[in-house]
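Structure file target02.cif; described as mmCIF, C-alpha atoms (C1' of nucleotides).
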```cif
data_query
#
loop_
_atom_site.group_PDB
_atom_site.id
_atom_site.type_symbol
_atom_site.label_atom_id
_atom_site.label_comp_id
_atom_site.auth_asym_id
_atom_site.auth_seq_id
_atom_site.Cartn_x
_atom_site.Cartn_y
_atom_site.Cartn_z
ATOM 1 C CA MET H 1 79.045 113.186 88.339
ATOM 2 C CA PRO H 2 82.081 110.983 88.744
ATOM 3 C CA ASP H 3 84.158 112.085 91.674
ATOM 4 C CA LEU H 4 87.159 114.021 90.563
ATOM 5 C CA PRO H 5 90.578 112.777 91.588
ATOM 6 C CA ARG H 6 92.296 114.463 94.460
ATOM 7 C CA PRO H 7 94.758 117.053 93.098
ATOM 8 C CA THR H 8 98.410 116.363 93.764
ATOM 9 C CA PRO H 9 100.390 118.962 95.719
ATOM 10 C CA THR H 10 101.679 120.613 92.566
ATOM 11 C CA GLU H 11 98.317 120.551 90.907
ATOM 12 C CA LEU H 12 96.854 122.234 93.940
ATOM 13 C CA ILE H 13 99.191 125.166 93.461
ATOM 14 C CA LEU H 14 97.909 125.683 89.943
ATOM 15 C CA LEU H 15 94.332 125.227 91.069
ATOM 16 C CA ARG H 16 94.756 127.942 93.655
ATOM 17 C CA ALA H 17 96.063 130.270 90.979
ATOM 18 C CA LEU H 18 93.043 129.505 88.815
ATOM 19 C CA TRP H 19 90.621 129.935 91.672
ATOM 20 C CA THR H 20 91.985 133.453 92.003
ATOM 21 C CA LEU H 21 92.224 134.222 88.310
ATOM 22 C CA ARG H 22 88.934 132.471 87.564
ATOM 23 C CA ARG H 23 90.373 131.729 84.111
ATOM 24 C CA GLY H 24 93.743 132.121 82.495
ATOM 25 C CA THR H 25 96.162 131.094 79.796
ATOM 26 C CA VAL H 26 99.207 129.026 80.512
ATOM 27 C CA ARG H 27 101.292 132.143 80.533
ATOM 28 C CA GLU H 28 99.041 133.867 83.019
ATOM 29 C CA VAL H 29 99.039 130.892 85.311
ATOM 30 C CA HIS H 30 102.776 130.523 84.982
ATOM 31 C CA GLU H 31 103.273 134.076 86.066
ATOM 32 C CA ALA H 32 100.692 133.837 88.830
ATOM 33 C CA VAL H 33 102.567 130.988 90.489
ATOM 34 C CA GLY H 34 105.899 132.744 90.378
ATOM 35 C CA GLY H 35 107.278 132.311 86.894
ATOM 36 C CA ASP H 36 110.458 130.336 86.409
ATOM 37 C CA ALA H 37 111.021 130.231 90.132
ATOM 38 C CA PHE H 38 108.200 127.725 90.186
ATOM 39 C CA GLY H 39 109.073 125.849 87.010
ATOM 40 C CA ARG H 40 109.413 126.326 83.302
ATOM 41 C CA TYR H 41 106.553 127.435 81.157
ATOM 42 C CA THR H 42 106.287 124.002 79.596
ATOM 43 C CA THR H 43 106.025 122.430 83.025
ATOM 44 C CA VAL H 44 102.931 124.452 83.766
ATOM 45 C CA LEU H 45 101.591 123.630 80.322
ATOM 46 C CA LYS H 46 102.088 119.916 80.858
ATOM 47 C CA LEU H 47 100.496 120.066 84.283
ATOM 48 C CA LEU H 48 97.456 121.868 82.942
ATOM 49 C CA GLN H 49 97.143 119.349 80.125
ATOM 50 C CA ILE H 50 97.209 116.496 82.617
ATOM 51 C CA MET H 51 94.734 118.288 84.830
ATOM 52 C CA THR H 52 92.485 118.676 81.816
ATOM 53 C CA GLU H 53 92.613 114.930 81.182
ATOM 54 C CA LYS H 54 91.788 114.315 84.816
ATOM 55 C CA GLY H 55 88.885 116.698 84.626
ATOM 56 C CA LEU H 56 90.211 119.097 87.230
ATOM 57 C CA VAL H 57 90.202 121.995 84.794
ATOM 58 C CA GLU H 58 88.522 122.787 81.532
ATOM 59 C CA ARG H 59 90.035 124.320 78.440
ATOM 60 C CA ASP H 60 88.716 126.774 75.903
ATOM 61 C CA GLU H 61 90.609 126.146 72.690
ATOM 62 C CA SER H 62 88.850 128.715 70.569
ATOM 63 C CA GLN H 63 91.798 131.035 70.866
ATOM 64 C CA ARG H 64 95.338 130.224 69.929
ATOM 65 C CA ALA H 65 96.345 130.544 73.550
ATOM 66 C CA HIS H 66 94.040 128.115 75.299
ATOM 67 C CA VAL H 67 92.188 129.444 78.295
ATOM 68 C CA TYR H 68 91.904 127.242 81.354
ATOM 69 C CA ARG H 69 89.383 127.425 84.140
ATOM 70 C CA PRO H 70 88.874 125.286 87.224
ATOM 71 C CA VAL H 71 86.061 122.761 87.113
ATOM 72 C CA VAL H 72 85.583 122.453 90.851
ATOM 73 C CA ALA H 73 85.065 125.281 93.280
ATOM 74 C CA ALA H 74 87.698 125.917 95.896
ATOM 75 C CA GLU H 75 85.359 125.006 98.728
ATOM 76 C CA ARG H 76 84.508 121.614 97.356
ATOM 77 C CA THR H 77 88.117 120.599 96.856
ATOM 78 C CA GLN H 78 89.141 121.985 100.196
ATOM 79 C CA ARG H 79 86.416 120.034 101.905
ATOM 80 C CA GLN H 80 87.533 116.882 100.144
ATOM 81 C CA LEU H 81 91.104 117.403 101.288
ATOM 82 C CA VAL H 82 90.062 118.082 104.856
ATOM 83 C CA ARG H 83 87.847 115.035 104.952
ATOM 84 C CA ASP H 84 90.716 112.951 103.636
ATOM 85 C CA LEU H 85 92.996 114.211 106.335
ATOM 86 C CA VAL H 86 90.446 113.728 109.094
ATOM 87 C CA ASP H 87 89.991 110.139 108.037
ATOM 88 C CA ARG H 88 93.612 109.330 107.365
ATOM 89 C CA ALA H 89 95.285 111.040 110.286
ATOM 90 C CA PHE H 90 92.586 111.634 112.880
ATOM 91 C CA ALA H 91 90.480 108.507 112.642
ATOM 92 C CA GLY H 92 87.465 110.623 111.724
ATOM 93 C CA SER H 93 87.572 112.968 114.679
ATOM 94 C CA THR H 94 86.940 116.512 113.510
ATOM 95 C CA ALA H 95 87.482 117.861 116.993
ATOM 96 C CA ARG H 96 90.994 116.484 117.104
ATOM 97 C CA LEU H 97 91.827 117.992 113.768
ATOM 98 C CA VAL H 98 90.558 121.356 114.899
ATOM 99 C CA GLN H 99 92.549 120.998 118.066
ATOM 100 C CA GLN H 100 95.774 120.403 116.136
ATOM 101 C CA ALA H 101 94.923 123.146 113.691
ATOM 102 C CA LEU H 102 94.580 125.637 116.507
ATOM 103 C CA SER H 103 97.844 124.637 118.087
ATOM 104 C CA ALA H 104 99.724 124.418 114.802
ATOM 105 C CA ARG H 105 99.057 127.990 113.783
ATOM 106 C CA HIS H 106 97.944 130.217 116.583
ATOM 107 C CA PRO H 107 95.192 132.215 114.954
ATOM 108 C CA ASP H 108 94.699 135.834 115.899
ATOM 109 C CA ALA H 109 91.692 137.152 117.762
ATOM 110 C CA GLU H 110 89.843 137.892 114.556
ATOM 111 C CA GLU H 111 90.179 134.339 113.337
ATOM 112 C CA LEU H 112 89.139 132.977 116.685
ATOM 113 C CA ALA H 113 86.052 135.112 116.622
ATOM 114 C CA GLU H 114 85.239 133.846 113.158
ATOM 115 C CA ILE H 115 85.527 130.252 114.280
ATOM 116 C CA ARG H 116 83.316 130.993 117.252
ATOM 117 C CA ARG H 117 80.689 132.437 114.960
ATOM 118 C CA LEU H 118 80.830 129.241 112.923
ATOM 119 C CA LEU H 119 80.218 127.197 116.023
ATOM 120 C CA ASP H 120 77.330 129.397 117.022
ATOM 121 C CA SER H 121 75.619 129.019 113.694
ATOM 122 C CA LEU H 122 76.143 125.267 113.724
ATOM 123 C CA GLU H 123 74.634 124.852 117.153
ATOM 124 C CA GLY H 124 71.837 127.122 116.152
ATOM 125 C CA ASP H 125 70.941 124.715 113.388
ATOM 126 C CA ASP H 126 70.741 121.867 115.825
ATOM 127 C CA ARG H 127 67.823 123.186 117.778
ATOM 128 C CA MET O 1 116.767 117.599 115.593
ATOM 129 C CA PRO O 2 116.432 117.241 111.860
ATOM 130 C CA ASP O 3 112.834 117.481 110.814
ATOM 131 C CA LEU O 4 111.415 114.112 110.002
ATOM 132 C CA PRO O 5 109.961 113.587 106.559
ATOM 133 C CA ARG O 6 106.237 113.726 106.150
ATOM 134 C CA PRO O 7 104.864 110.186 106.155
ATOM 135 C CA THR O 8 103.303 109.008 102.931
ATOM 136 C CA PRO O 9 99.666 107.915 102.992
ATOM 137 C CA THR O 10 100.565 104.272 103.402
ATOM 138 C CA GLU O 11 103.166 105.001 106.024
ATOM 139 C CA LEU O 12 100.583 106.952 107.946
ATOM 140 C CA ILE O 13 98.411 103.857 108.191
ATOM 141 C CA LEU O 14 101.229 101.925 109.802
ATOM 142 C CA LEU O 15 102.085 104.828 112.057
ATOM 143 C CA ARG O 16 98.518 104.950 113.313
ATOM 144 C CA ALA O 17 98.686 101.267 114.100
ATOM 145 C CA LEU O 18 101.898 101.819 116.032
ATOM 146 C CA TRP O 19 100.526 104.823 117.863
ATOM 147 C CA THR O 20 97.818 102.534 119.148
ATOM 148 C CA LEU O 21 100.004 99.521 119.807
ATOM 149 C CA ARG O 22 102.816 101.683 121.168
ATOM 150 C CA ARG O 23 105.189 98.989 119.913
ATOM 151 C CA GLY O 24 104.817 95.909 117.804
ATOM 152 C CA THR O 25 106.415 93.330 115.587
ATOM 153 C CA VAL O 26 105.819 93.216 111.869
ATOM 154 C CA ARG O 27 103.272 90.513 112.402
ATOM 155 C CA GLU O 28 101.375 92.516 114.975
ATOM 156 C CA VAL O 29 101.331 95.577 112.781
ATOM 157 C CA HIS O 30 100.303 93.526 109.792
ATOM 158 C CA GLU O 31 97.348 92.165 111.678
ATOM 159 C CA ALA O 32 96.468 95.525 113.179
ATOM 160 C CA VAL O 33 96.064 97.083 109.738
ATOM 161 C CA GLY O 34 93.872 94.317 108.434
ATOM 162 C CA GLY O 35 96.137 91.451 107.439
ATOM 163 C CA ASP O 36 96.339 90.433 103.808
ATOM 164 C CA ALA O 37 93.419 92.689 102.971
ATOM 165 C CA PHE O 38 95.876 95.523 103.426
ATOM 166 C CA GLY O 39 98.892 93.871 101.825
ATOM 167 C CA ARG O 40 101.241 90.958 102.235
ATOM 168 C CA TYR O 41 103.327 90.471 105.302
ATOM 169 C CA THR O 42 106.480 91.347 103.383
ATOM 170 C CA THR O 43 104.922 94.577 102.204
ATOM 171 C CA VAL O 44 104.474 95.711 105.777
ATOM 172 C CA LEU O 45 107.975 94.551 106.562
ATOM 173 C CA LYS O 46 109.430 96.548 103.685
ATOM 174 C CA LEU O 47 107.454 99.611 104.651
ATOM 175 C CA LEU O 48 108.648 99.432 108.227
ATOM 176 C CA GLN O 49 112.222 99.019 107.041
ATOM 177 C CA ILE O 50 111.931 102.105 104.887
ATOM 178 C CA MET O 51 110.294 104.011 107.706
ATOM 179 C CA THR O 52 113.204 103.014 109.913
ATOM 180 C CA GLU O 53 115.663 104.431 107.393
ATOM 181 C CA LYS O 54 113.652 107.625 107.268
ATOM 182 C CA GLY O 55 113.640 107.835 111.037
ATOM 183 C CA LEU O 56 109.883 107.636 111.389
ATOM 184 C CA VAL O 57 110.095 104.517 113.544
ATOM 185 C CA GLU O 58 112.756 102.831 115.607
ATOM 186 C CA ARG O 59 113.579 99.180 115.765
ATOM 187 C CA ASP O 60 114.624 96.956 118.599
ATOM 188 C CA GLU O 61 116.595 94.093 117.087
ATOM 189 C CA SER O 62 117.437 92.321 120.293
ATOM 190 C CA GLN O 63 114.782 89.748 119.614
ATOM 191 C CA ARG O 64 114.519 87.638 116.530
ATOM 192 C CA ALA O 65 111.266 89.321 115.665
ATOM 193 C CA HIS O 66 112.229 92.987 115.586
ATOM 194 C CA VAL O 67 110.027 95.292 117.583
ATOM 195 C CA TYR O 68 109.083 98.621 116.056
ATOM 196 C CA ARG O 69 107.937 101.743 117.813
ATOM 197 C CA PRO O 70 107.045 105.182 116.485
ATOM 198 C CA VAL O 71 109.643 107.894 116.899
ATOM 199 C CA VAL O 72 107.265 110.821 116.728
ATOM 200 C CA ALA O 73 104.156 111.269 118.802
ATOM 201 C CA ALA O 74 100.831 111.278 117.044
ATOM 202 C CA GLU O 75 100.181 114.892 117.945
ATOM 203 C CA ARG O 76 103.368 116.161 116.418
ATOM 204 C CA THR O 77 102.832 114.422 113.123
ATOM 205 C CA GLN O 78 99.192 115.410 113.000
ATOM 206 C CA ARG O 79 100.111 119.016 113.602
ATOM 207 C CA GLN O 80 102.640 118.854 110.797
ATOM 208 C CA LEU O 81 100.059 117.444 108.420
ATOM 209 C CA VAL O 82 97.484 120.046 109.356
ATOM 210 C CA ARG O 83 99.959 122.858 108.957
ATOM 211 C CA ASP O 84 100.871 121.516 105.539
ATOM 212 C CA LEU O 85 97.261 121.459 104.494
ATOM 213 C CA VAL O 86 96.517 124.914 105.852
ATOM 214 C CA ASP O 87 99.403 126.306 103.861
ATOM 215 C CA ARG O 88 98.857 124.336 100.695
ATOM 216 C CA ALA O 89 95.089 124.513 100.388
ATOM 217 C CA PHE O 90 93.951 127.387 102.577
ATOM 218 C CA ALA O 91 96.668 129.981 102.067
ATOM 219 C CA GLY O 92 97.458 129.892 105.775
ATOM 220 C CA SER O 93 93.978 130.588 107.055
ATOM 221 C CA THR O 94 93.215 128.316 109.971
ATOM 222 C CA ALA O 95 89.698 129.668 110.215
ATOM 223 C CA ARG O 96 88.895 128.570 106.695
ATOM 224 C CA LEU O 97 90.224 125.121 107.345
ATOM 225 C CA VAL O 98 88.119 124.828 110.452
ATOM 226 C CA GLN O 99 85.142 126.054 108.507
ATOM 227 C CA GLN O 100 85.568 123.354 105.874
ATOM 228 C CA ALA O 101 86.256 120.753 108.521
ATOM 229 C CA LEU O 102 82.993 121.565 110.236
ATOM 230 C CA SER O 103 81.020 121.388 107.051
ATOM 231 C CA ALA O 104 82.762 118.285 105.739
ATOM 232 C CA ARG O 105 81.872 116.132 108.709
ATOM 233 C CA HIS O 106 79.124 117.472 110.858
ATOM 234 C CA PRO O 107 80.399 116.815 114.337
ATOM 235 C CA ASP O 108 77.978 115.874 117.082
ATOM 236 C CA ALA O 109 77.188 118.049 120.060
ATOM 237 C CA GLU O 110 79.912 116.478 122.148
ATOM 238 C CA GLU O 111 82.551 117.299 119.572
ATOM 239 C CA LEU O 112 81.262 120.818 119.221
ATOM 240 C CA ALA O 113 81.474 121.305 122.940
ATOM 241 C CA GLU O 114 85.021 120.051 122.912
ATOM 242 C CA ILE O 115 85.999 122.509 120.205
ATOM 243 C CA ARG O 116 84.371 125.287 122.160
ATOM 244 C CA ARG O 117 86.398 124.380 125.218
ATOM 245 C CA LEU O 118 89.513 124.576 123.094
ATOM 246 C CA LEU O 119 88.588 128.056 121.956
ATOM 247 C CA ASP O 120 87.920 129.130 125.516
ATOM 248 C CA SER O 121 91.281 127.950 126.737
ATOM 249 C CA LEU O 122 93.053 129.621 123.826
ATOM 250 C CA GLU O 123 91.431 132.958 124.468
ATOM 251 C CA GLY O 124 92.173 132.551 128.117
ATOM 252 C CA ASP O 125 95.849 132.270 127.335
ATOM 253 C CA ASP O 126 95.774 135.500 125.396
ATOM 254 C CA ARG O 127 95.085 137.688 128.346
ATOM 255 C "C1'" DA Y 1 120.077 65.327 112.212
ATOM 256 C "C1'" DA Y 2 116.301 66.718 109.224
ATOM 257 C "C1'" DG Y 3 112.202 69.311 108.364
ATOM 258 C "C1'" DG Y 4 109.244 73.102 108.810
ATOM 259 C "C1'" DG Y 5 107.671 77.508 110.423
ATOM 260 C "C1'" DA Y 6 108.655 82.280 111.234
ATOM 261 C "C1'" DC Y 7 111.480 85.841 110.324
ATOM 262 C "C1'" DT Y 8 114.635 89.376 107.782
ATOM 263 C "C1'" DA Y 9 116.801 90.899 103.648
ATOM 264 C "C1'" DC Y 10 117.017 91.743 98.862
ATOM 265 C "C1'" DG Y 11 115.726 92.791 94.302
ATOM 266 C "C1'" DA Y 12 112.671 94.032 90.829
ATOM 267 C "C1'" DA Y 13 108.698 95.670 88.670
ATOM 268 C "C1'" DG Y 14 104.860 98.820 87.983
ATOM 269 C "C1'" DT Y 15 102.826 103.197 88.650
ATOM 270 C "C1'" DG Y 16 102.309 108.031 89.303
ATOM 271 C "C1'" DC Y 17 104.398 112.528 89.799
ATOM 272 C "C1'" DT Y 18 107.316 116.077 88.233
ATOM 273 C "C1'" DT Y 19 110.377 118.372 85.249
ATOM 274 C "C1'" DC Y 20 112.105 119.980 81.067
ATOM 275 C "C1'" DG Y 21 114.043 120.014 76.217
ATOM 276 C "C1'" DT Y 22 112.733 119.650 71.615
ATOM 277 C "C1'" DT Y 23 109.687 119.838 67.770
ATOM 278 C "C1'" DG Y 24 106.429 121.682 64.900
ATOM 279 C "C1'" DA Y 25 102.543 124.936 63.988
ATOM 280 C "C1'" DC Y 26 100.755 129.533 63.783
ATOM 281 C "C1'" DG Y 27 100.485 134.349 62.751
ATOM 282 C "C1'" DC Y 28 102.273 138.969 62.918
ATOM 283 C "C1'" DG Y 29 105.364 142.499 61.320
ATOM 284 C "C1'" DT Y 30 108.621 143.824 57.866
ATOM 285 C "C1'" DA D 1 107.286 135.882 51.345
ATOM 286 C "C1'" DC D 2 110.494 135.497 55.494
ATOM 287 C "C1'" DG D 3 111.718 135.339 59.975
ATOM 288 C "C1'" DC D 4 110.674 135.722 64.806
ATOM 289 C "C1'" DG D 5 108.141 135.241 68.887
ATOM 290 C "C1'" DT D 6 104.493 132.534 70.963
ATOM 291 C "C1'" DC D 7 102.140 128.531 71.506
ATOM 292 C "C1'" DA D 8 100.708 123.378 72.041
ATOM 293 C "C1'" DA D 9 102.296 118.746 71.800
ATOM 294 C "C1'" DC D 10 105.258 115.112 72.682
ATOM 295 C "C1'" DG D 11 108.682 112.218 74.637
ATOM 296 C "C1'" DA D 12 111.876 111.056 77.944
ATOM 297 C "C1'" DA D 13 114.089 110.955 82.187
ATOM 298 C "C1'" DG D 14 114.419 110.812 87.179
ATOM 299 C "C1'" DC D 15 112.470 110.027 91.399
ATOM 300 C "C1'" DA D 16 109.378 108.342 95.079
ATOM 301 C "C1'" DC D 17 105.948 105.130 96.359
ATOM 302 C "C1'" DT D 18 104.054 100.681 96.567
ATOM 303 C "C1'" DT D 19 103.841 95.853 96.102
ATOM 304 C "C1'" DC D 20 105.343 91.308 96.197
ATOM 305 C "C1'" DG D 21 108.155 87.061 95.194
ATOM 306 C "C1'" DT D 22 112.243 84.778 96.380
ATOM 307 C "C1'" DA D 23 116.168 83.628 98.994
ATOM 308 C "C1'" DG D 24 118.494 82.962 103.052
ATOM 309 C "C1'" DT D 25 118.659 82.468 108.303
ATOM 310 C "C1'" DC D 26 117.353 80.875 112.670
ATOM 311 C "C1'" DC D 27 115.341 77.836 115.925
ATOM 312 C "C1'" DC D 28 112.161 74.459 117.523
ATOM 313 C "C1'" DT D 29 110.304 69.933 117.072
ATOM 314 C "C1'" DT D 30 110.548 65.388 115.853
#
```
Could you express the structure from this file as structure tokens?
Amino acid sequence: MPDLPRPTPTELILLRALWTLRRGTVREVHEAVGGDAFGRYTTVLKLLQIMTEKGLVERDESQRAHVYRPVVAAERTQRQLVRDLVDRAFAGSTARLVQQALSARHPDAEELAEIRRLLDSLEGDDR
Amino acid sequence: MPDLPRPTPTELILLRALWTLRRGTVREVHEAVGGDAFGRYTTVLKLLQIMTEKGLVERDESQRAHVYRPVVAAERTQRQLVRDLVDRAFAGSTARLVQQALSARHPDAEELAEIRRLLDSLEGDDR
DNA sequence: AAGGGACTACGAAGTGCTTCGTTGACGCGT
DNA sequence: ACGCGTCAACGAAGCACTTCGTAGTCCCTT
């Protein structure tokens, strides 16, 4: 499987819409991202066409209104983006990224607890 | 203080070099990033000139070989980049970003301990 | 005084991203 | 059969990013 290209910022917006919708026509995606406040209908169409060429989404053309669906799961893309950032901005140090993440957006108690659970399960695996 | 623009990927490489060097001439930066394997000397020069216009770095012209230094601290820029990513890819959920970060690059025990300390100090502040 | 090395400045080209208007096809309702 | 709304396709334009060659300047050495 050839590695898919990293989605551009705008493409990521559409991907997020499709991750939620699971599948959708251009019109549905256009509305999901905020309609004309985001961009014209044809802008979304063009983006989805380009994303199809890149392999980021797939297209069902059996209907007049083509139906798009994401090729990659949210988690996989998110992980790719995080890894990129860790390498590019944090010289590979996950701890430093987490540190900045926690100070950039102070998470509430619930989120903190969730992160703690993640740590617990990770350390559990180690032993 | 007008918010500084987000550094581009290439600019980030030079910034990292300057964060380490604290200050440096074009030649020093060029060598720090890998010499011609990265790009020509004039490419680095041009980049630094553009970054100066953008306000990302400052330039001391009192010497023939101008000396550049970063305007923003590493932490501030890193936080900005993380916040961007949390918003763009994780719909604002820090916990999910941390989750992906932990699974993207399995940190060693030392890093895990460091993250745990961070959590402890954060929860301490809450009360 | 001339030559060469190191430096800045400038300009230009190529690429990718983003946006949108226009065109042409399709099919439904009248 | 006609017209209208909906759709995909295309092309073009503008902008940012990146890269590098060339030209000009300065100063040190001979």
| task | Run through the PyMOL selection byres ((chain O) within 9 of (chain Y)) on the given coordinates and return the selected residues as an MDAnalysis selection string. | result | chainID O and resid 45 64:66
| query | What residues in chain H have any atom no more than 8 Å from chain O when counting all atoms listed in the file, and can you write them as a PyMOL selection string? | reply | chain H and resi 9+12-13+16+75+78-80+82-83+85+88-90+94-95+97-105+107+109+111-112+114-116+118-119+123
Taking C-alpha atoms for each residue, export the selection above as a PDB file, keeping the file's coordinate frame.
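And here is the file that came out, again34.pdb:
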```pdb
ATOM      1  CA  PRO H   9     100.390 118.962  95.719  1.00  0.00           C
ATOM      2  CA  LEU H  12      96.854 122.234  93.940  1.00  0.00           C
ATOM      3  CA  ILE H  13      99.191 125.166  93.461  1.00  0.00           C
ATOM      4  CA  ARG H  16      94.756 127.942  93.655  1.00  0.00           C
ATOM      5  CA  GLU H  75      85.359 125.006  98.728  1.00  0.00           C
ATOM      6  CA  GLN H  78      89.141 121.985 100.196  1.00  0.00           C
ATOM      7  CA  ARG H  79      86.416 120.034 101.905  1.00  0.00           C
ATOM      8  CA  GLN H  80      87.533 116.882 100.144  1.00  0.00           C
ATOM      9  CA  VAL H  82      90.062 118.082 104.856  1.00  0.00           C
ATOM     10  CA  ARG H  83      87.847 115.035 104.952  1.00  0.00           C
ATOM     11  CA  LEU H  85      92.996 114.211 106.335  1.00  0.00           C
ATOM     12  CA  ARG H  88      93.612 109.330 107.365  1.00  0.00           C
ATOM     13  CA  ALA H  89      95.285 111.040 110.286  1.00  0.00           C
ATOM     14  CA  PHE H  90      92.586 111.634 112.880  1.00  0.00           C
ATOM     15  CA  THR H  94      86.940 116.512 113.510  1.00  0.00           C
ATOM     16  CA  ALA H  95      87.482 117.861 116.993  1.00  0.00           C
ATOM     17  CA  LEU H  97      91.827 117.992 113.768  1.00  0.00           C
ATOM     18  CA  VAL H  98      90.558 121.356 114.899  1.00  0.00           C
ATOM     19  CA  GLN H  99      92.549 120.998 118.066  1.00  0.00           C
ATOM     20  CA  GLN H 100      95.774 120.403 116.136  1.00  0.00           C
ATOM     21  CA  ALA H 101      94.923 123.146 113.691  1.00  0.00           C
ATOM     22  CA  LEU H 102      94.580 125.637 116.507  1.00  0.00           C
ATOM     23  CA  SER H 103      97.844 124.637 118.087  1.00  0.00           C
ATOM     24  CA  ALA H 104      99.724 124.418 114.802  1.00  0.00           C
ATOM     25  CA  ARG H 105      99.057 127.990 113.783  1.00  0.00           C
ATOM     26  CA  PRO H 107      95.192 132.215 114.954  1.00  0.00           C
ATOM     27  CA  ALA H 109      91.692 137.152 117.762  1.00  0.00           C
ATOM     28  CA  GLU H 111      90.179 134.339 113.337  1.00  0.00           C
ATOM     29  CA  LEU H 112      89.139 132.977 116.685  1.00  0.00           C
ATOM     30  CA  GLU H 114      85.239 133.846 113.158  1.00  0.00           C
ATOM     31  CA  ILE H 115      85.527 130.252 114.280  1.00  0.00           C
ATOM     32  CA  ARG H 116      83.316 130.993 117.252  1.00  0.00           C
ATOM     33  CA  LEU H 118      80.830 129.241 112.923  1.00  0.00           C
ATOM     34  CA  LEU H 119      80.218 127.197 116.023  1.00  0.00           C
ATOM     35  CA  GLU H 123      74.634 124.852 117.153  1.00  0.00           C
TER      36      GLU H 123
END
```
| field | Pairwise distance for CA of Asp3 in chain O and CA of Gly55 in chain O, rounded to one decimal in Å | value |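 Between these atoms lies a distance of 9.7 Å.
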| task | For chain D, list the residues within 9 Å of chain H, counting all atoms listed in the file, and write the list as JSON, numbers by chain. | result | {"D": [6, 7, 8]}
Hey, can you spit out that residue selection with C-alpha atoms (C1' of nucleotides) as an mmCIF file, keeping the file's coordinate frame?
```cif
data_model
loop_
_atom_site.group_PDB
_atom_site.id
_atom_site.type_symbol
_atom_site.label_atom_id
_atom_site.label_comp_id
_atom_site.auth_asym_id
_atom_site.auth_seq_id
_atom_site.Cartn_x
_atom_site.Cartn_y
_atom_site.Cartn_z
ATOM 1 C "C1'" DT D 6 104.493 132.534 70.963
ATOM 2 C "C1'" DC D 7 102.140 128.531 71.506
ATOM 3 C "C1'" DA D 8 100.708 123.378 72.041
#
```
Please give the centre and size of the box around range 49-54 of chain O (axis-aligned, containing every atom listed in the file, 4 Å added per side), with values in Å to one decimal and written as JSON.
```
{"center_x": 113.0, "center_y": 103.3, "center_z": 107.4, "size_x": 13.4, "size_y": 16.6, "size_z": 13.0}
```
| For CA of Glu53 in chain O and CA of Pro5 in chain O, the interatomic separation in Å (one decimal) | 10.8 Å
| field | 10 Å contact set for Leu48 in chain H, all atoms listed in the file, chain neighbours under 6 positions out, as a ChimeraX atom specification | value | /H:11,14-15,25-26,29,42,54,56-59,68-69
Could you write out the selected residues, including C-alpha atoms, as a CSV table (one decimal), in the coordinates of the input?
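The new file again_33.csv reads:
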```csv
chain,number,residue,atom,x,y,z
H,11,GLU,CA,98.3,120.6,90.9
H,14,LEU,CA,97.9,125.7,89.9
H,15,LEU,CA,94.3,125.2,91.1
H,25,THR,CA,96.2,131.1,79.8
H,26,VAL,CA,99.2,129.0,80.5
H,29,VAL,CA,99.0,130.9,85.3
H,42,THR,CA,106.3,124.0,79.6
H,54,LYS,CA,91.8,114.3,84.8
H,56,LEU,CA,90.2,119.1,87.2
H,57,VAL,CA,90.2,122.0,84.8
H,58,GLU,CA,88.5,122.8,81.5
H,59,ARG,CA,90.0,124.3,78.4
H,68,TYR,CA,91.9,127.2,81.4
H,69,ARG,CA,89.4,127.4,84.1
```
| request: Kindly indicate which residue among O:Arg117, O:Ala73, O:Thr43, O:Trp19 lies nearest to DG21 in chain D, using all atoms listed in the file for the distances. | output: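 Comparing O:Arg117, O:Ala73, O:Thr43, O:Trp19 against DG21 in chain D, the winner is O:Thr43.
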| message | What's the separation between C1' of DC17 in chain D and CA of Arg40 in chain O, in Å to one decimal place? | response | 16.0 Å
| field | Test item: the PyMOL selection byres ((chain D and resi 19) around 8) resolved as a list in words | value |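 Selection result, ordered by chain and number: Gly39 and Thr43 of chain O; DT18 and DC20 of chain D.
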